[in-house]
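*Asks:* Before I ask anything, let me first share the structure, which is written out below as structure tokens.
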Amino acid sequence: MCGIIGYIGKQDALPVLIEGLRRLEYRGYDSAGVAFFQEGKTVIRRAVGKLRNLEAVVGARGGGQIGIGHVRWATHGAPSEENAHPHRAGGVAVVHNGIIENYRALKRALVEAGETFASETDTEVICHLIARQVRQGHRLPEAVRFALREVEGDYAIA
Ligand code: GLU
């Protein structure tokens with residue numbers, strides 16, 4: 001069980017994400033992370049342990065008005081900074097609640113196709129599948145829909 005949050009709006013996303021994660025912290029607390037925009041770039045910050053450890057590595061303000069966040073309760077891969085969410089492939093960052101049951105087969109196929117993985121999580125296959133669809137020319141909504149057709153399990157993502 002974990003908590004995920006996504007924000008798009010007019011406020012600085014980072015404080016909204018942190019406050020949302022505070023309310024979700026009872027759902028998962030082996031690590032936490034956020035992705036948000038800062039000066040046109042996607043910034044990812046993650047920390048092992050409770051949310052206050054993440055708060056210590058992000059500033060009070062992010063800058064961008066869109067972002068995602070996660071408090072993790074590990075199912076695949078040890079509680080570590082590398083395995084903390086968000087995960088990323090190309091320009092696609094993902095937070096995920098749940099389990100991708102066919103991730104081994106998907107990961108094997110992605111590795112054979114030349115993708116490099118940075119974590120032990122089941123989650124990271126989702127980023128690579130979406131990024132591949134984006135590379136093939138799909139806009140993000142279609143890319144997500146097509147990628148998720150390959151995924152089996154119970155899950156929510158942002
Ligand atoms: N299966 C994912 C992982 O182990 C998500 C776990 C969760 O729901 O917190 O990273």
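Chains: A, B, ... in order of the structure tokens. Residues: from 1 per chain. Ligands: from 1, in order shown.
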Pick out the residues no farther than 8 Å from ligand 1, counting only C-alpha atoms and all ligand atoms, and list them as a PyMOL selection string.
*Replies:* chain A and resi 1-3+28+70-78+83-85+96-100+121-123+155
*Asks:* If we count only C-alpha atoms and set the cut-off at 10 Å, which residues sit around A:Tyr7, ignoring sequence neighbours fewer than 2 positions away in its own chain? Please answer as a PyMOL selection string.
*Replies:* chain A and resi 5+9-14+16-17+20+36+65-69+158
*Asks:* Output N, CA, C and O atoms for every residue in the selection just made, as a PDB file, in the first residue's frame.
*Replies:*
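Everything below was put into selection.pdb:
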```
ATOM      1  N   ILE A   5       0.113  11.114  -5.457  1.00  0.00           N
ATOM      2  CA  ILE A   5      -0.583  12.385  -5.648  1.00  0.00           C
ATOM      3  C   ILE A   5      -0.085  13.014  -6.944  1.00  0.00           C
ATOM      4  O   ILE A   5       1.089  12.871  -7.303  1.00  0.00           O
ATOM      5  N   GLY A   9      -2.108  22.950 -11.584  1.00  0.00           N
ATOM      6  CA  GLY A   9      -2.949  24.081 -11.185  1.00  0.00           C
ATOM      7  C   GLY A   9      -2.164  25.373 -11.271  1.00  0.00           C
ATOM      8  O   GLY A   9      -1.245  25.498 -12.080  1.00  0.00           O
ATOM      9  N   LYS A  10      -2.523  26.320 -10.424  1.00  0.00           N
ATOM     10  CA  LYS A  10      -1.912  27.649 -10.500  1.00  0.00           C
ATOM     11  C   LYS A  10      -0.887  27.884  -9.399  1.00  0.00           C
ATOM     12  O   LYS A  10      -0.161  28.871  -9.425  1.00  0.00           O
ATOM     13  N   GLN A  11      -0.876  26.980  -8.429  1.00  0.00           N
ATOM     14  CA  GLN A  11       0.065  27.189  -7.313  1.00  0.00           C
ATOM     15  C   GLN A  11       1.401  26.503  -7.600  1.00  0.00           C
ATOM     16  O   GLN A  11       1.495  25.651  -8.481  1.00  0.00           O
ATOM     17  N   ASP A  12       2.378  26.868  -6.815  1.00  0.00           N
ATOM     18  CA  ASP A  12       3.644  26.137  -6.823  1.00  0.00           C
ATOM     19  C   ASP A  12       3.340  24.687  -6.417  1.00  0.00           C
ATOM     20  O   ASP A  12       2.771  24.445  -5.348  1.00  0.00           O
ATOM     21  N   ALA A  13       3.680  23.744  -7.278  1.00  0.00           N
ATOM     22  CA  ALA A  13       3.266  22.351  -7.046  1.00  0.00           C
ATOM     23  C   ALA A  13       3.938  21.744  -5.813  1.00  0.00           C
ATOM     24  O   ALA A  13       3.315  20.946  -5.106  1.00  0.00           O
ATOM     25  N   LEU A  14       5.174  22.096  -5.548  1.00  0.00           N
ATOM     26  CA  LEU A  14       5.938  21.371  -4.524  1.00  0.00           C
ATOM     27  C   LEU A  14       5.281  21.401  -3.137  1.00  0.00           C
ATOM     28  O   LEU A  14       5.081  20.331  -2.533  1.00  0.00           O
ATOM     29  N   VAL A  16       2.204  21.830  -2.406  1.00  0.00           N
ATOM     30  CA  VAL A  16       0.941  21.085  -2.492  1.00  0.00           C
ATOM     31  C   VAL A  16       1.235  19.590  -2.417  1.00  0.00           C
ATOM     32  O   VAL A  16       0.548  18.833  -1.717  1.00  0.00           O
ATOM     33  N   LEU A  17       2.251  19.151  -3.136  1.00  0.00           N
ATOM     34  CA  LEU A  17       2.615  17.730  -3.135  1.00  0.00           C
ATOM     35  C   LEU A  17       3.037  17.285  -1.729  1.00  0.00           C
ATOM     36  O   LEU A  17       2.612  16.229  -1.245  1.00  0.00           O
ATOM     37  N   GLY A  20       0.064  17.020   0.478  1.00  0.00           N
ATOM     38  CA  GLY A  20      -0.714  15.839   0.114  1.00  0.00           C
ATOM     39  C   GLY A  20      -0.061  14.566   0.620  1.00  0.00           C
ATOM     40  O   GLY A  20      -0.729  13.674   1.154  1.00  0.00           O
ATOM     41  N   PHE A  36       8.784  17.504 -10.133  1.00  0.00           N
ATOM     42  CA  PHE A  36       8.133  18.782 -10.435  1.00  0.00           C
ATOM     43  C   PHE A  36       9.030  19.539 -11.408  1.00  0.00           C
ATOM     44  O   PHE A  36      10.180  19.159 -11.646  1.00  0.00           O
ATOM     45  N   GLN A  65       4.215  24.432 -11.784  1.00  0.00           N
ATOM     46  CA  GLN A  65       2.831  24.295 -11.317  1.00  0.00           C
ATOM     47  C   GLN A  65       2.231  22.934 -11.648  1.00  0.00           C
ATOM     48  O   GLN A  65       1.018  22.789 -11.760  1.00  0.00           O
ATOM     49  N   ILE A  66       3.104  21.956 -11.826  1.00  0.00           N
ATOM     50  CA  ILE A  66       2.656  20.585 -12.100  1.00  0.00           C
ATOM     51  C   ILE A  66       3.642  19.622 -11.447  1.00  0.00           C
ATOM     52  O   ILE A  66       4.855  19.893 -11.439  1.00  0.00           O
ATOM     53  N   GLY A  67       3.117  18.543 -10.873  1.00  0.00           N
ATOM     54  CA  GLY A  67       4.042  17.603 -10.238  1.00  0.00           C
ATOM     55  C   GLY A  67       3.327  16.347  -9.754  1.00  0.00           C
ATOM     56  O   GLY A  67       2.103  16.258  -9.762  1.00  0.00           O
ATOM     57  N   ILE A  68       4.136  15.371  -9.357  1.00  0.00           N
ATOM     58  CA  ILE A  68       3.625  14.107  -8.817  1.00  0.00           C
ATOM     59  C   ILE A  68       4.440  13.747  -7.570  1.00  0.00           C
ATOM     60  O   ILE A  68       5.574  14.179  -7.419  1.00  0.00           O
ATOM     61  N   GLY A  69       3.821  12.945  -6.695  1.00  0.00           N
ATOM     62  CA  GLY A  69       4.524  12.546  -5.479  1.00  0.00           C
ATOM     63  C   GLY A  69       4.101  11.163  -5.026  1.00  0.00           C
ATOM     64  O   GLY A  69       3.059  10.637  -5.444  1.00  0.00           O
ATOM     65  N   ALA A 158       0.374   7.965 -11.517  1.00  0.00           N
ATOM     66  CA  ALA A 158       0.309   9.363 -11.934  1.00  0.00           C
ATOM     67  C   ALA A 158       1.629   9.660 -12.619  1.00  0.00           C
ATOM     68  O   ALA A 158       2.658   9.049 -12.304  1.00  0.00           O
TER      69      ALA A 158
END
```
*Asks:* As a PyMOL selection string, please: all residues of chain A that backbone DSSP puts in alpha helix (DSSP H).
*Replies:* chain A and resi 13-24+51-57+103-112+124-135+140-149
*Asks:* What's the separation between atom CA of A:Phe37 and atom CA of A:Glu55, in Å to one decimal place?
*Replies:*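 Between atom CA of A:Phe37 and atom CA of A:Glu55 the gap is 16.6 Å.
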*Asks:* Which parts of chain A does DSSP call strand (DSSP E or B) when run on the backbone here, written out as JSON, numbers by chain?
*Replies:* {"A": [3, 4, 5, 6, 7, 8, 31, 32, 33, 34, 35, 36, 37, 38, 41, 42, 43, 44, 45, 46, 47, 48, 66, 67, 68, 69, 70, 71, 72, 87, 88, 89, 92, 93, 94, 96, 97, 98, 99, 100, 153, 154, 155, 156, 157]}
*Asks:* Just N, CA and C atoms for this one: save the residues we selected as a compact mmCIF listing (two decimals), in the first residue's frame.
*Replies:*
```
# COMPACT_ATOMS: atom_id res chain seq x y z
N GLY A 3 0.93 5.78 -1.19
CA GLY A 3 0.12 6.95 -1.54
C GLY A 3 0.69 7.63 -2.76
N ILE A 4 -0.18 8.02 -3.69
CA ILE A 4 0.29 8.80 -4.83
C ILE A 4 -0.53 10.08 -4.92
N ILE A 5 0.11 11.11 -5.46
CA ILE A 5 -0.58 12.39 -5.65
C ILE A 5 -0.09 13.01 -6.94
N GLY A 6 -0.99 13.67 -7.65
CA GLY A 6 -0.62 14.47 -8.81
C GLY A 6 -1.25 15.84 -8.66
N TYR A 7 -0.57 16.87 -9.10
CA TYR A 7 -1.13 18.23 -9.03
C TYR A 7 -0.86 18.97 -10.33
N ILE A 8 -1.89 19.63 -10.84
CA ILE A 8 -1.71 20.60 -11.92
C ILE A 8 -2.64 21.76 -11.59
N SER A 31 9.93 5.14 1.97
CA SER A 31 10.64 6.18 1.23
C SER A 31 9.59 7.10 0.61
N ALA A 32 10.03 8.23 0.11
CA ALA A 32 9.11 9.20 -0.48
C ALA A 32 9.82 9.96 -1.59
N GLY A 33 9.04 10.48 -2.53
CA GLY A 33 9.67 11.22 -3.62
C GLY A 33 8.68 12.11 -4.35
N VAL A 34 9.23 13.09 -5.06
CA VAL A 34 8.42 14.01 -5.86
C VAL A 34 9.11 14.28 -7.20
N ALA A 35 8.31 14.63 -8.21
CA ALA A 35 8.84 15.17 -9.47
C ALA A 35 8.07 16.45 -9.75
N PHE A 36 8.78 17.50 -10.13
CA PHE A 36 8.13 18.78 -10.44
C PHE A 36 9.03 19.54 -11.41
N PHE A 37 8.46 20.59 -11.98
CA PHE A 37 9.25 21.40 -12.90
C PHE A 37 9.97 22.52 -12.16
N GLN A 38 11.17 22.81 -12.63
CA GLN A 38 11.92 23.95 -12.11
C GLN A 38 12.74 24.50 -13.28
N LYS A 41 12.89 22.39 -16.41
CA LYS A 41 13.42 21.01 -16.32
C LYS A 41 12.62 20.21 -15.29
N THR A 42 12.53 18.89 -15.51
CA THR A 42 11.90 18.02 -14.51
C THR A 42 12.92 17.70 -13.43
N VAL A 43 12.55 18.00 -12.21
CA VAL A 43 13.41 17.71 -11.05
C VAL A 43 12.80 16.54 -10.30
N ILE A 44 13.61 15.53 -9.98
CA ILE A 44 13.15 14.41 -9.17
C ILE A 44 13.97 14.40 -7.88
N ARG A 45 13.27 14.34 -6.75
CA ARG A 45 13.94 14.25 -5.45
C ARG A 45 13.33 13.10 -4.67
N ARG A 46 14.18 12.27 -4.09
CA ARG A 46 13.69 11.09 -3.37
C ARG A 46 14.52 10.91 -2.10
N ALA A 47 13.92 10.27 -1.11
CA ALA A 47 14.65 10.02 0.13
C ALA A 47 14.09 8.79 0.81
N VAL A 48 14.99 8.02 1.40
CA VAL A 48 14.59 6.84 2.18
C VAL A 48 14.04 7.30 3.53
N ILE A 66 3.10 21.96 -11.83
CA ILE A 66 2.66 20.59 -12.10
C ILE A 66 3.64 19.62 -11.45
N GLY A 67 3.12 18.54 -10.87
CA GLY A 67 4.04 17.60 -10.24
C GLY A 67 3.33 16.35 -9.75
N ILE A 68 4.14 15.37 -9.36
CA ILE A 68 3.63 14.11 -8.82
C ILE A 68 4.44 13.75 -7.57
N GLY A 69 3.82 12.95 -6.69
CA GLY A 69 4.52 12.55 -5.48
C GLY A 69 4.10 11.16 -5.03
N HIS A 70 4.90 10.58 -4.13
CA HIS A 70 4.71 9.18 -3.73
C HIS A 70 5.25 8.95 -2.33
N VAL A 71 4.51 8.22 -1.52
CA VAL A 71 5.09 7.59 -0.32
C VAL A 71 5.00 6.08 -0.55
N ARG A 72 6.12 5.39 -0.34
CA ARG A 72 6.23 4.00 -0.81
C ARG A 72 6.12 3.00 0.33
N HIS A 87 9.86 7.12 -10.75
CA HIS A 87 10.81 6.55 -11.68
C HIS A 87 10.68 7.27 -13.00
N ARG A 88 11.74 7.14 -13.81
CA ARG A 88 11.80 7.96 -15.00
C ARG A 88 12.42 7.21 -16.16
N ALA A 89 11.87 7.42 -17.36
CA ALA A 89 12.52 6.95 -18.60
C ALA A 89 12.26 8.02 -19.64
N VAL A 92 9.50 10.77 -19.26
CA VAL A 92 8.30 10.27 -18.57
C VAL A 92 8.66 9.90 -17.13
N ALA A 93 8.01 10.57 -16.19
CA ALA A 93 8.19 10.24 -14.76
C ALA A 93 6.88 9.67 -14.24
N VAL A 94 6.98 8.63 -13.41
CA VAL A 94 5.78 7.89 -12.96
C VAL A 94 5.87 7.61 -11.46
N HIS A 96 3.55 5.13 -8.72
CA HIS A 96 2.71 3.95 -8.92
C HIS A 96 2.34 3.34 -7.58
N ASN A 97 1.07 3.00 -7.48
CA ASN A 97 0.55 2.26 -6.33
C ASN A 97 0.10 0.91 -6.83
N GLY A 98 0.61 -0.17 -6.24
CA GLY A 98 0.15 -1.50 -6.63
C GLY A 98 1.27 -2.38 -7.13
N ILE A 99 0.88 -3.37 -7.92
CA ILE A 99 1.84 -4.38 -8.39
C ILE A 99 1.60 -4.65 -9.87
N ILE A 100 2.70 -4.69 -10.64
CA ILE A 100 2.63 -5.09 -12.05
C ILE A 100 3.00 -6.56 -12.09
N GLY A 153 -2.23 -6.40 -13.69
CA GLY A 153 -2.14 -6.19 -12.24
C GLY A 153 -3.16 -5.17 -11.79
N ASP A 154 -3.13 -4.89 -10.50
CA ASP A 154 -4.00 -3.86 -9.93
C ASP A 154 -3.09 -2.69 -9.58
N TYR A 155 -3.43 -1.53 -10.05
CA TYR A 155 -2.51 -0.42 -9.83
C TYR A 155 -3.19 0.91 -10.11
N ALA A 156 -2.57 1.96 -9.60
CA ALA A 156 -2.92 3.33 -9.99
C ALA A 156 -1.60 4.04 -10.26
N ILE A 157 -1.60 4.93 -11.24
CA ILE A 157 -0.36 5.68 -11.53
C ILE A 157 -0.65 7.17 -11.69
```
*Asks:* For atom CA of A:Ser119 and atom CA of A:Arg61, determine how far apart the two atoms are, in Å to one decimal place.
*Replies:*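 Answer for the atom CA of A:Ser119 to atom CA of A:Arg61 separation: 27.6 Å.
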*Asks:* For A:Gly63, which residue out of A:Glu112, A:Ile130, A:Gly90, A:Gly40 is the nearest one, using only C-alpha atoms?
*Replies:* A:Gly40
